[in-house]
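**Student:** One file: work29.csv (CSV, C-alpha atoms).
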chain,number,residue,atom,x,y,z
A,1,MET,CA,-23.6,-15.2,-19.7
A,2,THR,CA,-19.9,-14.3,-19.7
A,3,ILE,CA,-18.1,-12.7,-16.9
A,4,ASP,CA,-17.8,-9.5,-19.0
A,5,ALA,CA,-21.4,-8.9,-18.3
A,6,VAL,CA,-20.7,-8.1,-14.7
A,7,HIS,CA,-18.0,-5.5,-15.5
A,8,PRO,CA,-20.4,-2.5,-16.2
A,9,TRP,CA,-22.2,-3.3,-12.9
A,10,LEU,CA,-18.9,-3.5,-11.1
A,11,ALA,CA,-17.8,-0.2,-12.5
A,12,LEU,CA,-21.2,1.4,-11.6
A,13,PHE,CA,-20.9,0.1,-8.1
A,14,LEU,CA,-17.4,1.6,-7.7
A,15,LEU,CA,-18.6,4.9,-9.0
A,16,ALA,CA,-21.5,4.9,-6.5
A,17,ASN,CA,-19.0,4.1,-3.8
A,18,LEU,CA,-16.9,7.0,-4.8
A,19,LEU,CA,-19.9,9.3,-4.8
A,20,ALA,CA,-20.8,8.2,-1.3
A,21,GLY,CA,-17.2,8.9,-0.2
A,22,LEU,CA,-17.6,12.5,-1.5
A,23,TRP,CA,-19.8,13.1,1.5
A,24,ARG,CA,-16.7,13.0,3.6
A,25,VAL,CA,-15.0,15.7,1.4
A,26,LEU,CA,-18.0,17.9,1.7
A,27,THR,CA,-18.6,17.6,5.5
A,28,GLY,CA,-15.0,17.3,6.6
A,29,PRO,CA,-14.8,18.4,9.4
A,30,THR,CA,-11.0,18.8,9.4
A,31,ALA,CA,-8.7,19.4,6.4
A,32,ALA,CA,-7.2,16.0,7.0
A,33,ASP,CA,-10.6,14.4,6.6
A,34,ARG,CA,-10.9,16.0,3.2
A,35,MET,CA,-7.4,14.8,2.2
A,36,LEU,CA,-8.6,11.3,2.8
A,37,SER,CA,-10.6,11.4,-0.4
A,38,THR,CA,-7.4,11.6,-2.4
A,39,GLN,CA,-6.8,8.0,-1.3
A,40,LEU,CA,-10.3,6.9,-2.2
A,41,PHE,CA,-10.1,8.6,-5.6
A,42,GLY,CA,-6.7,7.1,-6.4
A,43,THR,CA,-7.5,3.5,-5.6
A,44,THR,CA,-10.9,3.7,-7.3
A,45,ALA,CA,-9.5,5.2,-10.4
A,46,VAL,CA,-7.0,2.4,-10.8
A,47,ALA,CA,-9.7,-0.2,-10.2
A,48,LEU,CA,-12.0,1.4,-12.9
A,49,LEU,CA,-9.2,1.7,-15.4
A,50,ALA,CA,-8.2,-1.9,-14.9
A,51,ILE,CA,-11.8,-3.0,-15.4
A,52,GLU,CA,-12.3,-0.9,-18.5
A,53,ALA,CA,-9.1,-2.2,-20.0
A,54,ASP,CA,-10.8,-5.6,-20.0
A,55,THR,CA,-14.3,-4.7,-20.9
A,56,ARG,CA,-13.4,-2.5,-23.9
A,57,ALA,CA,-10.4,-4.7,-24.9
A,58,MET,CA,-8.2,-1.6,-24.7
A,59,PRO,CA,-5.0,-2.9,-23.0
A,60,ALA,CA,-3.6,0.7,-23.1
A,61,LEU,CA,-6.0,1.6,-20.3
A,62,ARG,CA,-3.9,-0.7,-18.1
A,63,ASP,CA,-0.9,1.5,-18.8
A,64,VAL,CA,-3.0,4.5,-17.8
A,65,ALA,CA,-3.8,2.7,-14.5
A,66,LEU,CA,-0.1,2.1,-14.1
A,67,VAL,CA,0.7,5.8,-14.6
A,68,PHE,CA,-1.9,6.7,-12.0
A,69,ALA,CA,-0.3,4.3,-9.6
A,70,LEU,CA,3.1,5.6,-10.4
A,71,LEU,CA,2.0,9.2,-9.8
A,72,ALA,CA,0.5,8.2,-6.5
A,73,ALA,CA,3.7,6.4,-5.6
A,74,ILE,CA,5.6,9.7,-6.2
A,75,THR,CA,3.6,11.4,-3.5
A,76,ALA,CA,5.0,8.6,-1.3
A,77,VAL,CA,8.4,10.2,-1.8
A,78,ALA,CA,7.6,13.0,0.7
A,79,PHE,CA,7.1,10.2,3.2
A,80,VAL,CA,10.2,8.3,2.3
A,81,ARG,CA,12.3,11.4,2.5
A,82,ARG,CA,11.2,11.9,6.0
A,83,VAL,CA,11.8,8.4,7.3
A,84,TRP,CA,15.0,7.9,5.3
A,85,GLN,CA,17.3,9.7,7.8
A,86,PRO,CA,20.6,8.0,8.4
A,87,ARG,CA,21.1,7.6,12.1
A,88,GLU,CA,24.8,8.0,12.3
A,89,GLY,CA,25.1,11.0,9.9
A,90,SER,CA,26.9,8.7,7.4
A,91,LYS,CA,26.0,8.5,3.8
B,1,MET,CA,-18.1,-18.8,-16.5
B,2,ASN,CA,-15.0,-18.4,-14.3
B,3,TRP,CA,-16.4,-18.7,-10.8
B,4,LEU,CA,-13.1,-18.1,-9.0
B,5,ALA,CA,-12.6,-14.8,-11.0
B,6,LEU,CA,-16.2,-13.8,-10.3
B,7,ALA,CA,-15.8,-14.5,-6.5
B,8,SER,CA,-12.6,-12.5,-6.4
B,9,LEU,CA,-14.3,-9.5,-8.2
B,10,ALA,CA,-17.2,-9.7,-5.8
B,11,LEU,CA,-14.8,-9.8,-2.7
B,12,GLY,CA,-13.0,-6.8,-4.2
B,13,ALA,CA,-16.3,-4.9,-4.5
B,14,PHE,CA,-17.2,-5.9,-0.9
B,15,PHE,CA,-14.0,-4.5,0.6
B,16,PHE,CA,-14.4,-1.2,-1.4
B,17,LEU,CA,-17.9,-0.9,0.1
B,18,ALA,CA,-16.6,-1.7,3.6
B,19,GLY,CA,-13.9,1.0,3.2
B,20,THR,CA,-16.5,3.6,2.2
B,21,VAL,CA,-18.8,2.7,5.1
B,22,GLY,CA,-15.9,3.0,7.5
B,23,LEU,CA,-14.9,6.4,5.9
B,24,LEU,CA,-18.5,7.6,6.6
B,25,ARG,CA,-19.1,6.0,9.9
B,26,PHE,CA,-15.9,6.1,11.9
B,27,PRO,CA,-15.6,9.0,14.4
B,28,ASP,CA,-12.3,10.7,13.5
B,29,VAL,CA,-9.7,11.1,10.8
B,30,HIS,CA,-7.4,8.5,12.3
B,31,SER,CA,-10.0,5.7,12.5
B,32,ARG,CA,-11.1,6.6,9.0
B,33,LEU,CA,-7.6,6.2,7.7
B,34,HIS,CA,-7.6,2.6,9.1
B,35,ALA,CA,-10.8,1.9,7.1
B,36,LEU,CA,-9.7,3.3,3.8
B,37,THR,CA,-6.0,2.2,3.8
B,38,LYS,CA,-6.7,-1.4,4.7
B,39,ALA,CA,-10.1,-2.1,3.1
B,40,ASP,CA,-9.5,-0.3,-0.2
B,41,ASN,CA,-6.1,-1.8,-0.8
B,42,VAL,CA,-7.2,-5.3,-0.2
B,43,GLY,CA,-10.3,-4.6,-2.3
B,44,LEU,CA,-8.2,-3.5,-5.1
B,45,GLY,CA,-6.0,-6.6,-4.7
B,46,PHE,CA,-8.9,-9.0,-5.0
B,47,LEU,CA,-10.3,-7.0,-7.9
B,48,LEU,CA,-7.0,-7.1,-9.9
B,49,PHE,CA,-6.6,-10.7,-9.0
B,50,GLY,CA,-10.0,-11.5,-10.5
B,51,LEU,CA,-9.3,-9.5,-13.6
B,52,ALA,CA,-5.9,-11.3,-14.0
B,53,LEU,CA,-7.7,-14.7,-13.7
B,54,GLU,CA,-10.1,-13.6,-16.4
B,55,VAL,CA,-7.5,-12.5,-18.8
B,56,GLY,CA,-5.4,-15.6,-18.0
B,57,SER,CA,-2.1,-14.1,-19.4
B,58,PRO,CA,0.8,-14.2,-16.9
B,59,LEU,CA,2.2,-11.0,-18.4
B,60,VAL,CA,-1.0,-9.1,-17.7
B,61,GLY,CA,-1.2,-10.7,-14.3
B,62,ALA,CA,2.4,-9.5,-13.5
B,63,LYS,CA,1.5,-6.0,-14.7
B,64,LEU,CA,-1.5,-5.8,-12.5
B,65,PHE,CA,0.6,-7.1,-9.6
B,66,VAL,CA,3.1,-4.3,-10.2
B,67,ILE,CA,0.2,-1.8,-10.2
B,68,TRP,CA,-1.0,-3.2,-6.9
B,69,CYS,CA,2.4,-2.9,-5.2
B,70,LEU,CA,2.7,0.7,-6.3
B,71,VAL,CA,-0.8,1.6,-5.0
B,72,LEU,CA,0.0,-0.2,-1.7
B,73,LEU,CA,3.2,1.8,-1.3
B,74,ALA,CA,1.5,5.1,-2.2
B,75,SER,CA,-1.5,4.7,0.1
B,76,ALA,CA,0.3,3.4,3.1
B,77,SER,CA,2.7,6.4,2.8
B,78,VAL,CA,0.0,9.0,2.2
B,79,SER,CA,-2.0,7.6,5.1
B,80,HIS,CA,1.0,8.1,7.4
B,81,VAL,CA,1.5,11.7,6.1
B,82,ILE,CA,-2.2,12.5,6.7
B,83,ALA,CA,-2.2,11.0,10.2
B,84,ARG,CA,1.0,12.9,11.1
B,85,ALA,CA,-0.4,16.2,9.7
B,86,ALA,CA,-3.6,15.8,11.7
B,87,LEU,CA,-1.7,15.0,14.9
B,88,ARG,CA,0.7,17.9,14.5
B,89,ARG,CA,-2.2,20.3,13.8
B,90,GLY,CA,-3.7,19.3,17.1
B,91,VAL,CA,-6.4,17.0,15.9
B,92,GLU,CA,-6.8,14.8,19.0
B,93,PRO,CA,-7.7,11.2,18.2
B,94,TRP,CA,-11.3,10.4,19.2
B,95,GLN,CA,-11.7,8.5,22.5
B,96,ARG,CA,-14.6,6.7,23.9
C,1,MET,CA,39.6,3.9,-11.6
C,2,PRO,CA,38.4,3.4,-8.0
C,3,ALA,CA,37.9,-0.2,-6.8
C,4,VAL,CA,34.3,-1.3,-6.7
C,5,SER,CA,33.4,-3.3,-3.7
C,6,SER,CA,31.7,-6.7,-4.1
C,7,ALA,CA,28.6,-5.4,-2.2
C,8,VAL,CA,28.2,-2.7,-4.9
C,9,LEU,CA,28.8,-5.3,-7.7
C,10,ARG,CA,26.2,-7.7,-6.2
C,11,ALA,CA,23.7,-4.9,-5.7
C,12,GLY,CA,24.3,-3.7,-9.3
C,13,ALA,CA,23.7,-7.1,-10.7
C,14,PHE,CA,20.5,-7.6,-8.7
C,15,ARG,CA,19.1,-4.2,-9.7
C,16,ILE,CA,19.9,-4.8,-13.4
C,17,ALA,CA,18.0,-8.1,-13.2
C,18,LEU,CA,15.1,-6.5,-11.3
C,19,TYR,CA,14.7,-3.6,-13.7
C,20,ALA,CA,15.0,-5.9,-16.7
C,21,LEU,CA,12.1,-7.9,-15.3
C,22,LEU,CA,10.1,-4.7,-14.7
C,23,TRP,CA,10.8,-3.5,-18.2
C,24,GLY,CA,9.7,-6.8,-19.6
C,25,ILE,CA,6.5,-6.7,-17.6
C,26,LEU,CA,5.7,-3.1,-18.6
C,27,ALA,CA,6.9,-3.1,-22.2
C,28,GLY,CA,6.8,-6.7,-23.3
C,29,PHE,CA,9.6,-9.3,-23.6
C,30,GLU,CA,9.7,-9.3,-27.4
C,31,PRO,CA,13.2,-8.7,-28.9
C,32,GLY,CA,12.3,-5.3,-30.3
C,33,SER,CA,11.4,-3.9,-26.9
C,34,TRP,CA,15.0,-4.3,-25.7
C,35,PHE,CA,16.4,-1.8,-28.3
C,36,LEU,CA,15.2,0.9,-25.9
C,37,GLY,CA,14.9,-1.4,-22.9
C,38,ALA,CA,18.5,-2.4,-22.5
C,39,PRO,CA,19.9,1.1,-22.3
C,40,ALA,CA,17.1,2.2,-20.0
C,41,VAL,CA,17.7,-0.7,-17.6
C,42,LEU,CA,21.4,0.0,-17.5
C,43,LEU,CA,20.9,3.7,-17.0
C,44,ALA,CA,18.4,3.1,-14.2
C,45,ALA,CA,20.6,0.6,-12.4
C,46,TRP,CA,23.6,3.0,-12.6
C,47,LEU,CA,21.5,6.0,-11.4
C,48,SER,CA,20.0,4.0,-8.6
C,49,LEU,CA,23.4,3.1,-7.3
C,50,GLN,CA,24.4,6.7,-7.3
C,51,LEU,CA,21.2,7.7,-5.4
C,52,ALA,CA,20.9,4.8,-2.9
C,53,SER,CA,23.7,2.8,-1.5
C,54,PRO,CA,23.3,-1.0,-1.5
C,55,VAL,CA,21.0,-2.4,1.2
C,56,PRO,CA,22.0,-6.1,1.9
C,57,PHE,CA,19.1,-8.4,2.4
C,58,ARG,CA,18.4,-12.1,2.7
C,59,PRO,CA,16.3,-13.5,-0.1
C,60,TRP,CA,14.5,-16.3,1.8
C,61,PRO,CA,13.2,-14.1,4.7
C,62,VAL,CA,11.9,-11.7,2.0
C,63,LEU,CA,9.6,-14.4,0.6
C,64,VAL,CA,8.5,-15.3,4.2
C,65,PHE,CA,7.8,-11.7,4.9
C,66,VAL,CA,5.8,-11.1,1.7
C,67,ALA,CA,3.6,-14.2,2.4
C,68,PHE,CA,3.1,-13.0,6.0
C,69,PHE,CA,2.4,-9.5,4.9
C,70,ILE,CA,-0.3,-10.5,2.4
C,71,GLY,CA,-2.0,-12.7,5.0
C,72,ARG,CA,-1.9,-10.0,7.6
C,73,SER,CA,-3.2,-7.3,5.3
C,74,VAL,CA,-6.2,-9.4,4.3
C,75,SER,CA,-7.0,-10.0,8.0
C,76,GLY,CA,-6.6,-6.3,8.6
C,77,ALA,CA,-9.2,-5.6,5.9
C,78,VAL,CA,-11.5,-8.2,7.3
C,79,ASP,CA,-11.1,-6.7,10.8
C,80,VAL,CA,-11.9,-3.2,9.6
C,81,ALA,CA,-14.8,-4.4,7.4
C,82,ARG,CA,-16.3,-6.1,10.4
C,83,ARG,CA,-16.0,-3.0,12.6
C,84,ALA,CA,-17.4,-0.8,9.8
C,85,LEU,CA,-20.4,-3.0,9.1
C,86,ALA,CA,-21.3,-3.9,12.7
C,87,PRO,CA,-24.6,-2.4,13.8
C,88,ARG,CA,-22.9,-0.8,16.7
C,89,LEU,CA,-19.5,0.7,16.4
C,90,ARG,CA,-17.0,-1.0,18.7
C,91,LEU,CA,-14.0,1.2,18.6
C,92,ALA,CA,-11.7,2.1,21.5
C,93,PRO,CA,-9.0,4.0,19.7
C,94,ALA,CA,-5.8,5.1,21.4
C,95,LEU,CA,-2.3,6.3,20.5
C,96,VAL,CA,0.5,4.0,21.6
C,97,VAL,CA,4.2,4.6,21.5
C,98,TYR,CA,6.8,2.0,20.3
C,99,GLN,CA,10.5,2.2,20.3
C,100,THR,CA,12.0,0.7,17.2
C,101,SER,CA,15.5,-0.6,16.8
C,102,LEU,CA,15.4,-1.0,13.0
C,103,PRO,CA,18.0,1.1,11.1
C,104,ALA,CA,16.9,4.2,9.2
C,105,GLY,CA,16.3,3.7,5.5
C,106,LEU,CA,14.5,0.9,3.8
C,107,PRO,CA,13.9,-1.3,6.9
C,108,ARG,CA,12.1,1.6,8.7
C,109,VAL,CA,10.1,2.7,5.6
C,110,LEU,CA,8.8,-0.9,5.3
C,111,PHE,CA,8.1,-1.1,9.0
C,112,LEU,CA,6.0,2.0,9.1
C,113,ASN,CA,4.1,1.1,6.0
C,114,SER,CA,3.5,-2.5,7.1
C,115,ILE,CA,2.1,-1.2,10.4
C,116,SER,CA,-0.6,0.7,8.6
C,117,LEU,CA,-1.6,-2.3,6.5
C,118,THR,CA,-1.8,-4.9,9.4
C,119,PRO,CA,-4.9,-5.3,11.7
C,120,GLY,CA,-5.8,-2.5,14.0
C,121,THR,CA,-2.7,-0.4,13.7
C,122,LEU,CA,-1.7,2.8,11.8
C,123,SER,CA,1.7,4.5,12.0
C,124,ALA,CA,0.9,8.1,12.8
C,125,ASP,CA,4.3,9.8,13.5
C,126,ILE,CA,8.0,9.1,14.0
C,127,ARG,CA,10.7,11.0,15.8
C,128,ASP,CA,14.1,9.4,16.0
C,129,ASP,CA,13.4,5.9,17.2
C,130,THR,CA,10.0,6.6,18.6
C,131,VAL,CA,7.0,5.6,16.5
C,132,TRP,CA,3.5,6.8,17.4
C,133,VAL,CA,0.9,4.1,16.4
C,134,HIS,CA,-2.8,4.8,16.3
C,135,VAL,CA,-4.8,1.6,17.3
C,136,LEU,CA,-8.5,0.9,16.8
C,137,ASP,CA,-8.8,-1.0,20.0
C,138,GLU,CA,-6.6,-0.2,23.0
C,139,ASN,CA,-7.3,-3.6,24.6
C,140,GLY,CA,-5.2,-5.5,22.0
C,141,ASP,CA,-1.7,-6.7,22.6
C,142,HIS,CA,-0.1,-4.2,20.2
C,143,GLU,CA,3.4,-4.3,21.7
C,144,GLN,CA,3.6,-8.0,20.7
C,145,ALA,CA,2.2,-7.5,17.2
C,146,LEU,CA,4.6,-4.7,16.5
C,147,SER,CA,7.6,-6.4,17.8
C,148,GLY,CA,6.6,-9.5,15.8
C,149,LEU,CA,6.5,-7.4,12.7
C,150,GLU,CA,9.8,-5.7,13.5
C,151,GLY,CA,11.4,-9.1,14.2
C,152,ARG,CA,10.5,-10.4,10.7
C,153,LEU,CA,11.9,-7.3,9.1
C,154,ALA,CA,15.1,-7.5,11.2
C,155,ARG,CA,15.6,-11.1,9.7
C,156,VAL,CA,15.3,-9.7,6.2
C,157,PHE,CA,18.0,-7.1,6.8
C,158,PRO,CA,21.0,-8.5,8.6
C,159,GLN,CA,22.8,-5.9,10.7
Represent the supplied structure as structure tokens.

**Tutor:**
Amino acid sequence: MTIDAVHPWLALFLLANLLAGLWRVLTGPTAADRMLSTQLFGTTAVALLAIEADTRAMPALRDVALVFALLAAITAVAFVRRVWQPREGSK
Amino acid sequence: MNWLALASLALGAFFFLAGTVGLLRFPDVHSRLHALTKADNVGLGFLLFGLALEVGSPLVGAKLFVIWCLVLLASASVSHVIARAALRRGVEPWQR
Amino acid sequence: MPAVSSAVLRAGAFRIALYALLWGILAGFEPGSWFLGAPAVLLAAWLSLQLASPVPFRPWPVLVFVAFFIGRSVSGAVDVARRALAPRLRLAPALVVYQTSLPAGLPRVLFLNSISLTPGTLSADIRDDTVWVHVLDENGDHEQALSGLEGRLARVFPQ
């Protein structure tokens, strides 16, 4: 048995995990609770793509994972813009 | 069989599971953010480390590491934004 | 032509090296990849200097911080996994307030993000120098943990 044999099970496990997390989106109760799921989806998507890149011998999927991560990092810009305030009004 | 890689993949899966259990069980949005941000990021780290060991190419390993850093940056930032939005909209943190 | 300060030169050289490394990792190091890669790296370095002024840092404390950070984030995940999987939830969450003396910009961004990835703490808001931190267990010594983290970052960025 090679380690590749565990990949489909690993992927299935992560999908089940994602599905369980959907319960939080459905039940909330606040909007912020629903927003949490974007985190879960992003991280799980990157994990699944990295696994599939290996299993299917399609290295390009690793680049798809990278683009996912990059897009997620762009959302971090909103955060950075807020924290990045010079204290003394200088540039 | 690469046992170290297998162990790393299993640890990764475990932390993903722990993150989701926390997401479902913890009492309010702020505690749930703790669970998801910490557990899922470390879970992804172990998973990518396991995959890198399997592939055995330093270049692929470096690419997976860059991906991990980007995800860390993104989820720590997004988690701060969600926590702040919740506080400012008057979602009081749950207290025992 | 305006004089370029040595700080800008050093930052420029560092960013070119960093972006070249990134390009190599993403697109491959074979000679053909640099036909596009070299101009892209130079353009990115120039653009980044226009957008963000140089932030001086010490290389050795950076490595110390990265090692510390990885260790702490793993123990943060172990801590949260233990709490999530325990038969009875043992949480005593609270909001604590912390005054930071780190300068605005990169040091502060790294501080807030590291707070959220280390055990039991989550950065929830910031106004001026005041950081609101959500903690999973109000009984912990968070003041000490936070000032320890802050001190390590302060060593990375000399004032």

**Student:** Mind pulling up the distance from CA of Ser75 (chain B) to CA of Ala73 (chain A)?

**Tutor:**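 Interatomic distance, CA of Ala73 (chain A) to CA of Ser75 (chain B): 7.9 Å.
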
**Student:** Hey, which of B:Leu53, B:Leu44, B:Leu59, B:Ala39 ends up closest to chain A? Count all atoms listed in the file.

**Tutor:**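 The closest residue to chain A is B:Leu44.
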
**Student:** Residues at most 9 Å from Val8 (chain C), counting all atoms listed in the file, excluding those fewer than 6 positions away in the same chain, as a count of residues only?

**Tutor:** 3

**Student:** Select, as a short mmCIF file (atom, residue, chain, number, x, y, z; two decimals) with C-alpha atoms, keeping the file's coordinate frame, those residues of chain A with any atom no more than 7 Å from chain B (distances computed using only C-alpha atoms).

**Tutor:**
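Now in part21.cif:
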data_model
loop_
_atom_site.label_atom_id
_atom_site.label_comp_id
_atom_site.auth_asym_id
_atom_site.auth_seq_id
_atom_site.Cartn_x
_atom_site.Cartn_y
_atom_site.Cartn_z
CA THR A 2 -19.90 -14.30 -19.70
CA ILE A 3 -18.10 -12.70 -16.90
CA ASN A 17 -19.00 4.10 -3.80
CA GLY A 21 -17.20 8.90 -0.20
CA ARG A 24 -16.70 13.00 3.60
CA ALA A 32 -7.20 16.00 7.00
CA ASP A 33 -10.60 14.40 6.60
CA GLN A 39 -6.80 8.00 -1.30
CA THR A 43 -7.50 3.50 -5.60
CA ALA A 47 -9.70 -0.20 -10.20
CA LEU A 66 -0.10 2.10 -14.10
CA ALA A 69 -0.30 4.30 -9.60
CA LEU A 70 3.10 5.60 -10.40
CA ALA A 72 0.50 8.20 -6.50
CA ALA A 73 3.70 6.40 -5.60
CA THR A 75 3.60 11.40 -3.50
CA ALA A 76 5.00 8.60 -1.30
CA PHE A 79 7.10 10.20 3.20
#

**Student:** For chain C, report every residue with an atom at most 12 Å from chain A (counting all atoms listed in the file), formatted as an MDAnalysis selection string.

**Tutor:** chainID C and resid 25:27 50:54 101:113 123:131

**Student:** I need the chain C residues near chain B as number ranges by chain; criterion: at most 7 Å, counting all atoms listed in the file.

**Tutor:** C: 25-26, 73-74, 76-77, 80-81, 84-85, 92-94, 113, 116-117, 122-125, 136

**Student:** Quick one: distance from CA of Asp79 (chain C) to CA of Phe49 (chain B) in Å, one decimal?

**Tutor:**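 Computing it gives 20.7 Å between the two atoms.
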
**Student:** Fewer than 2 positions away in the same chain doesn't count, so skip those; otherwise give me all residues within 10 Å of Leu48 (chain A), counting all atoms listed in the file, as a VMD selection string.

**Tutor:** (chain A and resid 7 to 8 10 to 12 14 to 15 43 to 46 50 to 53 61 to 62 65) or (chain B and resid 44 47)

**Student:** So what do you get for CA of Pro119 (chain C) versus CA of Asn139 (chain C), distance-wise?

**Tutor:**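 Computed distance, CA of Pro119 (chain C) to CA of Asn139 (chain C), equals 13.2 Å.
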
**Student:** List the neighbours of Tyr19 (chain C) out to 10 Å using only C-alpha atoms; skip same-chain residues closer than 6 positions along the sequence, and give me the result as a tab-separated table (two decimals) with C-alpha atoms, keeping the file's coordinate frame.

**Tutor:**
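Output (out18.tsv):
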chain	number	residue	atom	x	y	z
C	25	ILE	CA	6.50	-6.70	-17.60
C	37	GLY	CA	14.90	-1.40	-22.90
C	38	ALA	CA	18.50	-2.40	-22.50
C	40	ALA	CA	17.10	2.20	-20.00
C	41	VAL	CA	17.70	-0.70	-17.60
C	42	LEU	CA	21.40	0.00	-17.50
C	44	ALA	CA	18.40	3.10	-14.20
C	45	ALA	CA	20.60	0.60	-12.40
